[in-house]
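Undergrad: The structure follows.
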Amino acid sequence: MTVFPKGKKVILFDGVCNLCNQAVQTVIEHDKNDVFRYASLQSDFGMHLAKEIGVDTSKIDSIILVDETYDYWTKSCAAIRIAKDMKGPYTLLSIFLILPKFLRDPFYDFIARNRYKWWGKQESCWLPTPELQAKFLG
């Protein structure tokens, strides 16, 4: 079983996606209560955690938010729940939880399908600075 960081939520993200990396950097900047830890889906930790929660990463094109009880959210639910725990204007995005998932997720899917074309892709996963390294899980 993967060692889960106590009292934290883990964001699993596509480590080669420029949009995903920028989103993670934005969350880090606005995570004033130190709620989150991060792992790319390509990392050993990310692959093991995804497997433990029963997510086939070859069939999902999404960010994944996992809490310490191993409950998880994907797509728009994950993005909105992450925004809800951030400080500043991002918390206002939680209002979109009132919309049903079947209305939110097509918009999320459209962006996910086009993210490499619009924002580009890296050859390898983004590496955090030494100051941020403790927030990232193997």
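In the structure tokens, chains take the letters A, B, ... in the order shown, each chain's residues start at 1, and ligands count up from 1 in the order shown.
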Determine, for each residue of range 31-69 of chain A having at least one atom at most 10 Å from an atom of range 109-133 of chain A, the closest pair of atoms and their separation in Å to one decimal, counting only C-alpha atoms; order by chain and ascending number, as a tab-separated table.
TA:
```
residue	atom	partner	partner_atom	distance
A:Tyr38	CA	A:Gln133	CA	9.7
A:Ser40	CA	A:Cys125	CA	7.5
A:Leu41	CA	A:Cys125	CA	9.6
A:Gln42	CA	A:Cys125	CA	7.8
A:Ser43	CA	A:Cys125	CA	8.7
A:Asp61	CA	A:Ala112	CA	6.5
A:Ser62	CA	A:Ala112	CA	7.0
A:Ile63	CA	A:Ala112	CA	9.4
```
Undergrad: Quick one: pick out all strand (DSSP E) residues within chain A from a backbone DSSP run and write them as a ChimeraX atom specification.
TA: /A:9-13,36-40,64-66,72-74
Undergrad: Can you list, as a PDB file with N, CA and C atoms, in the first residue's frame, every protein, DNA or RNA residue that comes within 12 Å of Ile64 in chain A when you count only C-alpha atoms, leaving out same-chain residues fewer than 6 positions away?
TA:
```pdb
ATOM      1  N   LYS A   9      -4.142  16.122   0.876  1.00  0.00           N
ATOM      2  CA  LYS A   9      -4.808  15.643  -0.324  1.00  0.00           C
ATOM      3  C   LYS A   9      -3.743  15.596  -1.409  1.00  0.00           C
ATOM      4  N   VAL A  10      -3.819  14.584  -2.269  1.00  0.00           N
ATOM      5  CA  VAL A  10      -2.819  14.415  -3.316  1.00  0.00           C
ATOM      6  C   VAL A  10      -3.446  14.733  -4.669  1.00  0.00           C
ATOM      7  N   ILE A  11      -2.744  15.547  -5.426  1.00  0.00           N
ATOM      8  CA  ILE A  11      -3.141  15.862  -6.788  1.00  0.00           C
ATOM      9  C   ILE A  11      -2.242  15.061  -7.721  1.00  0.00           C
ATOM     10  N   LEU A  12      -2.861  14.167  -8.491  1.00  0.00           N
ATOM     11  CA  LEU A  12      -2.153  13.418  -9.525  1.00  0.00           C
ATOM     12  C   LEU A  12      -2.380  14.152 -10.839  1.00  0.00           C
ATOM     13  N   PHE A  13      -1.293  14.439 -11.558  1.00  0.00           N
ATOM     14  CA  PHE A  13      -1.407  15.241 -12.772  1.00  0.00           C
ATOM     15  C   PHE A  13      -0.482  14.706 -13.853  1.00  0.00           C
ATOM     16  N   ASP A  14      -0.755  15.099 -15.088  1.00  0.00           N
ATOM     17  CA  ASP A  14       0.061  14.712 -16.231  1.00  0.00           C
ATOM     18  C   ASP A  14       1.341  15.536 -16.191  1.00  0.00           C
ATOM     19  N   CYS A  20      -1.047  21.371 -17.372  1.00  0.00           N
ATOM     20  CA  CYS A  20      -1.138  20.708 -16.068  1.00  0.00           C
ATOM     21  C   CYS A  20      -0.053  21.207 -15.114  1.00  0.00           C
ATOM     22  N   VAL A  24      -0.590  23.169 -11.561  1.00  0.00           N
ATOM     23  CA  VAL A  24       0.021  22.748 -10.291  1.00  0.00           C
ATOM     24  C   VAL A  24       0.791  23.905  -9.667  1.00  0.00           C
ATOM     25  N   ARG A  37      -0.401  17.776  -1.713  1.00  0.00           N
ATOM     26  CA  ARG A  37       0.852  17.209  -2.165  1.00  0.00           C
ATOM     27  C   ARG A  37       0.633  16.816  -3.619  1.00  0.00           C
ATOM     28  N   TYR A  38       1.704  16.605  -4.351  1.00  0.00           N
ATOM     29  CA  TYR A  38       1.613  16.463  -5.800  1.00  0.00           C
ATOM     30  C   TYR A  38       2.426  15.264  -6.272  1.00  0.00           C
ATOM     31  N   ALA A  39       1.909  14.599  -7.300  1.00  0.00           N
ATOM     32  CA  ALA A  39       2.646  13.509  -7.945  1.00  0.00           C
ATOM     33  C   ALA A  39       2.195  13.438  -9.394  1.00  0.00           C
ATOM     34  N   SER A  40       3.160  13.287 -10.272  1.00  0.00           N
ATOM     35  CA  SER A  40       2.774  13.112 -11.670  1.00  0.00           C
ATOM     36  C   SER A  40       2.233  11.697 -11.838  1.00  0.00           C
ATOM     37  N   LEU A  41       1.351  11.553 -12.795  1.00  0.00           N
ATOM     38  CA  LEU A  41       0.804  10.231 -13.096  1.00  0.00           C
ATOM     39  C   LEU A  41       1.888   9.300 -13.632  1.00  0.00           C
ATOM     40  N   GLY A  46       2.597   8.057  -8.296  1.00  0.00           N
ATOM     41  CA  GLY A  46       1.357   8.318  -9.022  1.00  0.00           C
ATOM     42  C   GLY A  46       0.761   7.058  -9.622  1.00  0.00           C
ATOM     43  N   MET A  47       1.597   6.229 -10.238  1.00  0.00           N
ATOM     44  CA  MET A  47       1.098   4.981 -10.830  1.00  0.00           C
ATOM     45  C   MET A  47       0.562   4.028  -9.759  1.00  0.00           C
ATOM     46  N   LEU A  49      -0.561   4.814  -6.664  1.00  0.00           N
ATOM     47  CA  LEU A  49      -1.774   5.351  -6.053  1.00  0.00           C
ATOM     48  C   LEU A  49      -2.967   5.197  -6.994  1.00  0.00           C
ATOM     49  N   ALA A  50      -2.789   5.488  -8.264  1.00  0.00           N
ATOM     50  CA  ALA A  50      -3.882   5.327  -9.235  1.00  0.00           C
ATOM     51  C   ALA A  50      -4.358   3.877  -9.261  1.00  0.00           C
ATOM     52  N   ILE A  53      -6.447   3.036  -6.069  1.00  0.00           N
ATOM     53  CA  ILE A  53      -7.816   3.562  -6.033  1.00  0.00           C
ATOM     54  C   ILE A  53      -8.653   3.009  -7.180  1.00  0.00           C
ATOM     55  N   GLY A  54      -8.033   2.215  -8.058  1.00  0.00           N
ATOM     56  CA  GLY A  54      -8.774   1.568  -9.129  1.00  0.00           C
ATOM     57  C   GLY A  54      -8.951   2.402 -10.382  1.00  0.00           C
ATOM     58  N   VAL A  55      -8.035   3.343 -10.625  1.00  0.00           N
ATOM     59  CA  VAL A  55      -8.125   4.184 -11.815  1.00  0.00           C
ATOM     60  C   VAL A  55      -7.126   3.685 -12.852  1.00  0.00           C
ATOM     61  N   ASP A  56      -7.629   3.365 -14.033  1.00  0.00           N
ATOM     62  CA  ASP A  56      -6.778   2.974 -15.151  1.00  0.00           C
ATOM     63  C   ASP A  56      -6.362   4.249 -15.869  1.00  0.00           C
ATOM     64  N   THR A  57      -5.126   4.665 -15.668  1.00  0.00           N
ATOM     65  CA  THR A  57      -4.672   5.945 -16.214  1.00  0.00           C
ATOM     66  C   THR A  57      -4.580   5.935 -17.740  1.00  0.00           C
ATOM     67  N   TYR A  70      -8.704   7.699   0.673  1.00  0.00           N
ATOM     68  CA  TYR A  70      -8.645   7.121  -0.661  1.00  0.00           C
ATOM     69  C   TYR A  70      -9.914   7.375  -1.483  1.00  0.00           C
ATOM     70  N   ASP A  71     -10.730   8.328  -1.042  1.00  0.00           N
ATOM     71  CA  ASP A  71     -11.798   8.827  -1.915  1.00  0.00           C
ATOM     72  C   ASP A  71     -11.108   9.648  -2.988  1.00  0.00           C
ATOM     73  N   TYR A  72     -11.651   9.646  -4.184  1.00  0.00           N
ATOM     74  CA  TYR A  72     -11.013  10.411  -5.245  1.00  0.00           C
ATOM     75  C   TYR A  72     -12.046  11.037  -6.181  1.00  0.00           C
ATOM     76  N   TRP A  73     -11.582  12.086  -6.867  1.00  0.00           N
ATOM     77  CA  TRP A  73     -12.398  12.821  -7.821  1.00  0.00           C
ATOM     78  C   TRP A  73     -11.571  13.046  -9.077  1.00  0.00           C
ATOM     79  N   THR A  74     -12.251  13.090 -10.208  1.00  0.00           N
ATOM     80  CA  THR A  74     -11.579  13.322 -11.478  1.00  0.00           C
ATOM     81  C   THR A  74     -12.269  14.473 -12.210  1.00  0.00           C
ATOM     82  N   LYS A  75     -11.644  14.898 -13.288  1.00  0.00           N
ATOM     83  CA  LYS A  75     -12.182  15.896 -14.207  1.00  0.00           C
ATOM     84  C   LYS A  75     -12.631  17.158 -13.468  1.00  0.00           C
ATOM     85  N   SER A  76     -13.824  17.657 -13.809  1.00  0.00           N
ATOM     86  CA  SER A  76     -14.277  18.927 -13.240  1.00  0.00           C
ATOM     87  C   SER A  76     -14.473  18.845 -11.730  1.00  0.00           C
ATOM     88  N   CYS A  77     -14.878  17.692 -11.221  1.00  0.00           N
ATOM     89  CA  CYS A  77     -15.041  17.551  -9.762  1.00  0.00           C
ATOM     90  C   CYS A  77     -13.710  17.762  -9.048  1.00  0.00           C
ATOM     91  N   ALA A  78     -12.653  17.173  -9.594  1.00  0.00           N
ATOM     92  CA  ALA A  78     -11.326  17.345  -8.981  1.00  0.00           C
ATOM     93  C   ALA A  78     -10.893  18.802  -9.054  1.00  0.00           C
ATOM     94  N   ALA A  79     -11.017  19.406 -10.233  1.00  0.00           N
ATOM     95  CA  ALA A  79     -10.572  20.793 -10.414  1.00  0.00           C
ATOM     96  C   ALA A  79     -11.317  21.746  -9.478  1.00  0.00           C
ATOM     97  N   ILE A  80     -12.609  21.574  -9.363  1.00  0.00           N
ATOM     98  CA  ILE A  80     -13.409  22.474  -8.518  1.00  0.00           C
ATOM     99  C   ILE A  80     -13.098  22.245  -7.042  1.00  0.00           C
ATOM    100  N   ARG A  81     -12.936  20.996  -6.636  1.00  0.00           N
ATOM    101  CA  ARG A  81     -12.604  20.714  -5.233  1.00  0.00           C
ATOM    102  C   ARG A  81     -11.218  21.251  -4.873  1.00  0.00           C
ATOM    103  N   ILE A  82     -10.292  21.205  -5.810  1.00  0.00           N
ATOM    104  CA  ILE A  82      -8.976  21.791  -5.579  1.00  0.00           C
ATOM    105  C   ILE A  82      -9.116  23.297  -5.399  1.00  0.00           C
TER     106      ILE A  82
END
```
Undergrad: Write out as a list in words each polymer residue whose atoms come within 10 Å of Glu29 in chain A, counting only C-alpha atoms; drop sequence neighbours fewer than 6 positions from it.
TA: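 Once the adjacent positions are removed, what remains is Ala23, Met86 and Lys87 of chain A.
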Undergrad: List every residue of range 22-56 of chain A that DSSP, applied to the backbone, labels as alpha helix (DSSP H), and write the result as a list of chain:residue names.
TA: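 Matching residues, listed in order: A:Gln22, A:Ala23, A:Val24, A:Gln25, A:Thr26, A:Val27, A:Ile28, A:Glu29, A:His30, A:Asp44, A:Phe45, A:Gly46, A:Met47, A:His48, A:Leu49, A:Ala50, A:Lys51, A:Glu52, A:Ile53.
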Undergrad: With N, CA and C atoms retained, write the just-selected residues as an mmCIF file, in the first residue's frame.
TA:
```cif
data_model
loop_
_atom_site.group_PDB
_atom_site.id
_atom_site.type_symbol
_atom_site.label_atom_id
_atom_site.label_comp_id
_atom_site.auth_asym_id
_atom_site.auth_seq_id
_atom_site.Cartn_x
_atom_site.Cartn_y
_atom_site.Cartn_z
ATOM 1 N N GLN A 22 1.451 24.118 -15.224
ATOM 2 C CA GLN A 22 1.120 25.496 -14.838
ATOM 3 C C GLN A 22 0.005 25.507 -13.793
ATOM 4 N N ALA A 23 -0.964 24.614 -13.950
ATOM 5 C CA ALA A 23 -2.053 24.520 -12.964
ATOM 6 C C ALA A 23 -1.503 24.126 -11.593
ATOM 7 N N VAL A 24 -0.590 23.169 -11.561
ATOM 8 C CA VAL A 24 0.021 22.748 -10.291
ATOM 9 C C VAL A 24 0.791 23.905 -9.667
ATOM 10 N N GLN A 25 1.532 24.636 -10.461
ATOM 11 C CA GLN A 25 2.274 25.785 -9.929
ATOM 12 C C GLN A 25 1.325 26.848 -9.369
ATOM 13 N N THR A 26 0.178 27.024 -10.008
ATOM 14 C CA THR A 26 -0.828 27.971 -9.503
ATOM 15 C C THR A 26 -1.396 27.486 -8.176
ATOM 16 N N VAL A 27 -1.689 26.197 -8.081
ATOM 17 C CA VAL A 27 -2.205 25.650 -6.821
ATOM 18 C C VAL A 27 -1.169 25.833 -5.715
ATOM 19 N N ILE A 28 0.081 25.521 -5.997
ATOM 20 C CA ILE A 28 1.135 25.686 -4.987
ATOM 21 C C ILE A 28 1.181 27.132 -4.487
ATOM 22 N N GLU A 29 1.096 28.063 -5.402
ATOM 23 C CA GLU A 29 1.162 29.488 -5.051
ATOM 24 C C GLU A 29 -0.002 29.915 -4.152
ATOM 25 N N HIS A 30 -1.167 29.304 -4.335
ATOM 26 C CA HIS A 30 -2.362 29.718 -3.591
ATOM 27 C C HIS A 30 -2.783 28.717 -2.509
ATOM 28 N N ASP A 44 6.393 6.795 -9.985
ATOM 29 C CA ASP A 44 6.079 5.528 -9.307
ATOM 30 C C ASP A 44 4.935 5.723 -8.317
ATOM 31 N N PHE A 45 5.013 6.792 -7.516
ATOM 32 C CA PHE A 45 3.959 7.062 -6.536
ATOM 33 C C PHE A 45 2.615 7.244 -7.242
ATOM 34 N N GLY A 46 2.597 8.057 -8.296
ATOM 35 C CA GLY A 46 1.357 8.318 -9.022
ATOM 36 C C GLY A 46 0.761 7.058 -9.622
ATOM 37 N N MET A 47 1.597 6.229 -10.238
ATOM 38 C CA MET A 47 1.098 4.981 -10.830
ATOM 39 C C MET A 47 0.562 4.028 -9.759
ATOM 40 N N HIS A 48 1.282 3.913 -8.630
ATOM 41 C CA HIS A 48 0.815 3.022 -7.563
ATOM 42 C C HIS A 48 -0.480 3.521 -6.936
ATOM 43 N N LEU A 49 -0.561 4.814 -6.664
ATOM 44 C CA LEU A 49 -1.774 5.351 -6.053
ATOM 45 C C LEU A 49 -2.967 5.197 -6.994
ATOM 46 N N ALA A 50 -2.789 5.488 -8.264
ATOM 47 C CA ALA A 50 -3.882 5.327 -9.235
ATOM 48 C C ALA A 50 -4.358 3.877 -9.261
ATOM 49 N N LYS A 51 -3.420 2.956 -9.224
ATOM 50 C CA LYS A 51 -3.790 1.538 -9.225
ATOM 51 C C LYS A 51 -4.549 1.173 -7.949
ATOM 52 N N GLU A 52 -4.094 1.681 -6.799
ATOM 53 C CA GLU A 52 -4.745 1.379 -5.523
ATOM 54 C C GLU A 52 -6.182 1.874 -5.470
ATOM 55 N N ILE A 53 -6.447 3.036 -6.069
ATOM 56 C CA ILE A 53 -7.816 3.562 -6.033
ATOM 57 C C ILE A 53 -8.653 3.009 -7.180
#
```
Undergrad: Rounded to one decimal in Å, what is the spacing between CA of Ala83 in chain A and CA of Ser58 in chain A?
TA: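 Spanning CA of Ala83 in chain A to CA of Ser58 in chain A is a straight-line distance of 25.3 Å.
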Undergrad: Which residue is closest to Lys32 in chain A? Choose from A:Gly88, A:Glu68, A:Gly138, A:Lys59 and count only C-alpha atoms.
TA: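 When distances to Lys32 in chain A are compared using only C-alpha atoms, the smallest one comes from A:Gly88.
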Undergrad: So how far away is CA of Phe136 in chain A from CA of Asn18 in chain A, in Å?
TA: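 A separation of 17.0 Å between them.
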Undergrad: What is the distance, in Å and to one decimal place, between CA of Phe4 in chain A and CA of Thr91 in chain A?
TA: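 Pair CA of Phe4 in chain A / CA of Thr91 in chain A returns 25.1 Å.
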Undergrad: Quick one: everything within 9 Å of Lys8 in chain A, counting only C-alpha atoms, minus sequence neighbours fewer than 5 positions away in the same chain. Send it as an MDAnalysis selection string.
TA: chainID A and resid 34:37 66:68
